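Visitor: The structure under discussion is supplied below as structure tokens; questions concerning it will follow.
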Amino acid sequence: MPDLLRPLMDVYRQTSLLELRHLSDLGRTTFTDMLYLYLIHDDPSATVSSLSEETGVSKGSVTTRVNRLVDGGMVTRTRDGSDGRVHRLSLSGPASELLSSEQGILSDAVSEVSGRYTPEELELLHRMLEDLAGTISGSVGSGRGSR
């Protein structure tokens with residue numbers, strides 16, 4: 001059986017380096033900030049409470065992080081139309097541009113590599129990555145992710 005962990009870690013390292021290069025252009029933005037930006041991007045109804053629940057981080061800590069992102073012009077906070085107590089979070093222009101740039105680079109890389117494989121091989125890879133993501137998510141959610 002081929003060693004799947006090494007290439008997976010290589011992909012993780014390369015995407016992390018890509019983020020580091022983008023982060024250096026933004027000054028004070030951190031990896032944790034990037035995680036929050038991705039979570040907000042992926043959830044159009046994101047709130048401090050939903051981020052706290054998803055990350056397992058206290059609402060106070062999430063609020064501090066979100067306030068920093070709002071103050072830095074990366075995130076906007078909008079009062080919910082149906083419940084004025086709730087504030088929805090969304091990405092501002094600079095954050096959207098940052099994520100679009102990263103996704104463009106990754107999309108180009110996937111397109112380049114995809115041409116080397118059959119549709120069946122790509123479908124298998126897709127299923128394996130989804131299974132892996134689900135397994136990791138289950139491990140983290142159950143507390144099994146730490147050693």
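In the structure tokens, each chain is lettered A, B, ... as it comes, each chain's residues begin at 1, and ligands are numbered from 1 in order of appearance.
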Can you list every residue of segment 114-142 of chain A that has an atom at most 12 Å from segment 5-28 of chain A, with its nearest atom pair and the distance in Å to one decimal, using only C-alpha atoms, ordered by chain then number, as JSON lines?
Guide:
```
{"residue": "A:Leu125", "atom": "CA", "partner": "A:Leu8", "partner_atom": "CA", "distance": 12.0}
{"residue": "A:Met128", "atom": "CA", "partner": "A:Leu8", "partner_atom": "CA", "distance": 11.7}
{"residue": "A:Leu129", "atom": "CA", "partner": "A:Leu8", "partner_atom": "CA", "distance": 9.9}
{"residue": "A:Leu132", "atom": "CA", "partner": "A:Leu8", "partner_atom": "CA", "distance": 10.5}
{"residue": "A:Ala133", "atom": "CA", "partner": "A:Leu8", "partner_atom": "CA", "distance": 11.7}
```
Visitor: Give me the residues near Gly93 of chain A as a ChimeraX atom specification, where near means some atom within 10 Å (using only C-alpha atoms) and where sequence neighbours in that chain fewer than 5 positions away do not count.
Guide: /A:73-76,98
Visitor: Give me a file of those residues, with N, CA and C atoms, as a short mmCIF file (atom, residue, chain, number, x, y, z; two decimals), in the first residue's frame.
Guide:
```
data_model
loop_
_atom_site.label_atom_id
_atom_site.label_comp_id
_atom_site.auth_asym_id
_atom_site.auth_seq_id
_atom_site.Cartn_x
_atom_site.Cartn_y
_atom_site.Cartn_z
N GLY A 73 -10.83 45.50 8.85
CA GLY A 73 -11.48 45.64 7.55
C GLY A 73 -11.65 44.34 6.78
N MET A 74 -11.51 43.20 7.46
CA MET A 74 -11.62 41.90 6.79
C MET A 74 -13.03 41.32 6.87
N VAL A 75 -13.78 41.70 7.91
CA VAL A 75 -15.10 41.14 8.16
C VAL A 75 -16.06 42.28 8.47
N THR A 76 -17.30 42.11 8.03
CA THR A 76 -18.35 43.07 8.39
C THR A 76 -19.37 42.35 9.26
N LEU A 98 -8.62 37.97 -1.00
CA LEU A 98 -7.59 37.06 -0.52
C LEU A 98 -8.01 35.61 -0.75
#
```
Visitor: Just to confirm, what's the straight-line distance from atom CA of Ile105 of chain A to atom CA of Leu89 of chain A in Å (one decimal)?
Guide: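 Atom-to-atom, atom CA of Ile105 of chain A to atom CA of Leu89 of chain A, that is 25.4 Å.
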Visitor: Using only C-alpha atoms, which protein or nucleic acid residues come within 10 Å of Ser58 of chain A? Drop anything in the same chain fewer than 5 positions from it, and give the result as a PDB file with C-alpha atoms, in the first residue's frame.
Guide:
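See selection-v6.pdb below for the written result:
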```pdb
ATOM      1  CA  VAL A  48     -20.046  34.566  16.776  1.00  0.00           C
ATOM      2  CA  SER A  49     -22.137  31.815  18.383  1.00  0.00           C
ATOM      3  CA  LEU A  51     -18.196  30.047  15.050  1.00  0.00           C
ATOM      4  CA  SER A  52     -17.822  29.286  18.760  1.00  0.00           C
ATOM      5  CA  GLU A  53     -19.837  26.104  18.379  1.00  0.00           C
ATOM      6  CA  THR A  63     -15.721  37.781  19.822  1.00  0.00           C
TER       7      THR A  63
END
```
Visitor: Do you have the atom CA of His41 of chain A-atom CA of Ser92 of chain A distance handy?
Guide: 10.1 Å
Visitor: Have a look at atom CA of Ser111 of chain A and atom CA of Leu124 of chain A and let me know their distance in Å, one decimal.
Guide: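 About the pair atom CA of Ser111 of chain A and atom CA of Leu124 of chain A: they are 16.3 Å apart.
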Visitor: Going by DSSP on the backbone, which bits of chain A are alpha helix (DSSP H)? Write them as a short mmCIF file (atom, residue, chain, number, x, y, z; two decimals) with C-alpha atoms, in the first residue's frame, please.
Guide:
```
data_model
loop_
_atom_site.label_atom_id
_atom_site.label_comp_id
_atom_site.auth_asym_id
_atom_site.auth_seq_id
_atom_site.Cartn_x
_atom_site.Cartn_y
_atom_site.Cartn_z
CA LEU A 5 0.14 10.35 4.71
CA ARG A 6 3.33 11.85 3.27
CA PRO A 7 1.75 13.36 0.14
CA LEU A 8 -1.24 14.54 2.16
CA MET A 9 1.10 16.32 4.58
CA ASP A 10 3.00 17.76 1.58
CA VAL A 11 -0.25 19.23 0.22
CA TYR A 12 -1.07 20.64 3.66
CA ARG A 13 2.41 22.16 3.96
CA GLN A 14 2.26 23.73 0.48
CA THR A 15 -1.19 25.24 1.08
CA SER A 16 0.03 26.54 4.44
CA LEU A 17 3.00 28.17 2.74
CA LEU A 18 0.63 29.70 0.20
CA GLU A 19 -1.39 31.17 3.06
CA LEU A 20 1.77 32.45 4.75
CA ARG A 21 2.75 34.30 1.59
CA HIS A 22 -0.70 35.86 1.37
CA LEU A 23 -0.71 36.68 5.07
CA SER A 24 2.60 38.52 4.84
CA ASP A 25 0.88 40.95 2.46
CA LEU A 26 -1.81 41.66 5.06
CA PHE A 31 -3.43 31.43 10.47
CA THR A 32 -6.25 31.50 13.01
CA ASP A 33 -7.64 34.59 11.29
CA MET A 34 -7.54 32.70 8.00
CA LEU A 35 -9.47 29.81 9.53
CA TYR A 36 -12.15 32.22 10.71
CA LEU A 37 -12.28 33.86 7.28
CA TYR A 38 -12.82 30.46 5.64
CA LEU A 39 -15.51 29.53 8.17
CA ILE A 40 -17.31 32.83 7.58
CA HIS A 41 -16.95 32.43 3.81
CA ASP A 42 -18.45 28.93 3.93
CA VAL A 48 -20.05 34.57 16.78
CA SER A 49 -22.14 31.82 18.38
CA SER A 50 -21.97 29.54 15.32
CA LEU A 51 -18.20 30.05 15.05
CA SER A 52 -17.82 29.29 18.76
CA GLU A 53 -19.84 26.10 18.38
CA GLU A 54 -17.95 24.95 15.29
CA THR A 55 -14.48 25.65 16.66
CA LYS A 59 -17.73 33.01 22.64
CA GLY A 60 -15.53 35.59 24.37
CA SER A 61 -12.43 34.45 22.50
CA VAL A 62 -14.32 34.28 19.20
CA THR A 63 -15.72 37.78 19.82
CA THR A 64 -12.20 39.12 20.42
CA ARG A 65 -10.95 37.53 17.19
CA VAL A 66 -13.96 38.71 15.17
CA ASN A 67 -13.63 42.25 16.55
CA ARG A 68 -10.02 42.28 15.37
CA LEU A 69 -11.07 41.13 11.91
CA VAL A 70 -13.82 43.76 11.79
CA ASP A 71 -11.39 46.47 12.94
CA GLY A 93 -13.61 43.14 -0.03
CA PRO A 94 -10.00 42.49 1.04
CA ALA A 95 -10.86 39.16 2.65
CA SER A 96 -12.92 38.06 -0.35
CA GLU A 97 -10.06 38.99 -2.67
CA LEU A 98 -7.59 37.06 -0.52
CA LEU A 99 -9.69 33.89 -0.52
CA SER A 100 -10.46 34.23 -4.24
CA SER A 101 -6.77 34.53 -4.99
CA GLU A 102 -5.95 31.41 -2.98
CA GLN A 103 -8.82 29.46 -4.50
CA GLY A 104 -7.71 30.51 -7.97
CA ILE A 105 -4.20 29.22 -7.38
CA LEU A 106 -5.50 25.94 -5.98
CA SER A 107 -8.05 25.59 -8.78
CA ASP A 108 -5.34 26.07 -11.39
CA ALA A 109 -3.19 23.42 -9.71
CA VAL A 110 -6.09 20.96 -9.57
CA SER A 111 -6.90 21.59 -13.23
CA GLU A 112 -3.30 21.01 -14.23
CA VAL A 113 -3.04 17.74 -12.32
CA SER A 114 -6.53 16.48 -13.22
CA PRO A 119 -12.38 10.38 -14.68
CA GLU A 120 -12.64 7.15 -12.67
CA GLU A 121 -9.36 7.85 -10.86
CA LEU A 122 -10.49 11.40 -10.11
CA GLU A 123 -13.82 10.14 -8.79
CA LEU A 124 -12.00 7.70 -6.50
CA LEU A 125 -9.72 10.48 -5.25
CA HIS A 126 -12.76 12.69 -4.65
CA ARG A 127 -14.48 9.98 -2.58
CA MET A 128 -11.29 9.28 -0.62
CA LEU A 129 -10.81 12.97 0.22
CA GLU A 130 -14.43 13.29 1.32
CA ASP A 131 -14.08 10.15 3.47
CA LEU A 132 -10.85 11.47 4.95
CA ALA A 133 -12.40 14.86 5.74
CA GLY A 134 -15.37 13.15 7.38
CA THR A 135 -13.13 10.88 9.44
CA ILE A 136 -10.99 13.81 10.60
CA SER A 137 -14.10 15.82 11.41
CA GLY A 138 -15.46 12.92 13.46
CA SER A 139 -12.15 12.50 15.29
CA VAL A 140 -11.93 16.18 16.17
CA GLY A 141 -15.60 16.33 17.17
#
```
Visitor: Within 12 Å of Arg85 of chain A, counting only C-alpha atoms, which residues show up once you throw out same-chain ones fewer than 5 positions away? Write them as a VMD selection string, please.
Guide: chain A and resid 47 to 49 77 to 80
Visitor: Just write the chosen residues, N, CA and C atoms, as a PDB file, in the first residue's frame.
Guide:
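The resulting file, again_18.pdb, is shown below:
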```pdb
ATOM      1  N   THR A  47     -22.343  33.537  12.678  1.00  0.00           N
ATOM      2  CA  THR A  47     -22.414  34.439  13.828  1.00  0.00           C
ATOM      3  C   THR A  47     -21.273  34.071  14.771  1.00  0.00           C
ATOM      4  N   VAL A  48     -21.042  34.899  15.767  1.00  0.00           N
ATOM      5  CA  VAL A  48     -20.046  34.566  16.776  1.00  0.00           C
ATOM      6  C   VAL A  48     -20.418  33.240  17.435  1.00  0.00           C
ATOM      7  N   SER A  49     -21.693  33.062  17.734  1.00  0.00           N
ATOM      8  CA  SER A  49     -22.137  31.815  18.383  1.00  0.00           C
ATOM      9  C   SER A  49     -21.884  30.598  17.504  1.00  0.00           C
ATOM     10  N   ARG A  77     -19.943  43.116  10.158  1.00  0.00           N
ATOM     11  CA  ARG A  77     -20.953  42.602  11.080  1.00  0.00           C
ATOM     12  C   ARG A  77     -22.250  43.330  10.756  1.00  0.00           C
ATOM     13  N   THR A  78     -23.319  42.571  10.483  1.00  0.00           N
ATOM     14  CA  THR A  78     -24.607  43.152  10.098  1.00  0.00           C
ATOM     15  C   THR A  78     -25.700  42.615  11.010  1.00  0.00           C
ATOM     16  N   ARG A  79     -26.520  43.515  11.529  1.00  0.00           N
ATOM     17  CA  ARG A  79     -27.637  43.113  12.383  1.00  0.00           C
ATOM     18  C   ARG A  79     -28.640  42.304  11.569  1.00  0.00           C
ATOM     19  N   ASP A  80     -29.066  41.166  12.111  1.00  0.00           N
ATOM     20  CA  ASP A  80     -30.034  40.305  11.452  1.00  0.00           C
ATOM     21  C   ASP A  80     -31.381  41.020  11.354  1.00  0.00           C
TER      22      ASP A  80
END
```
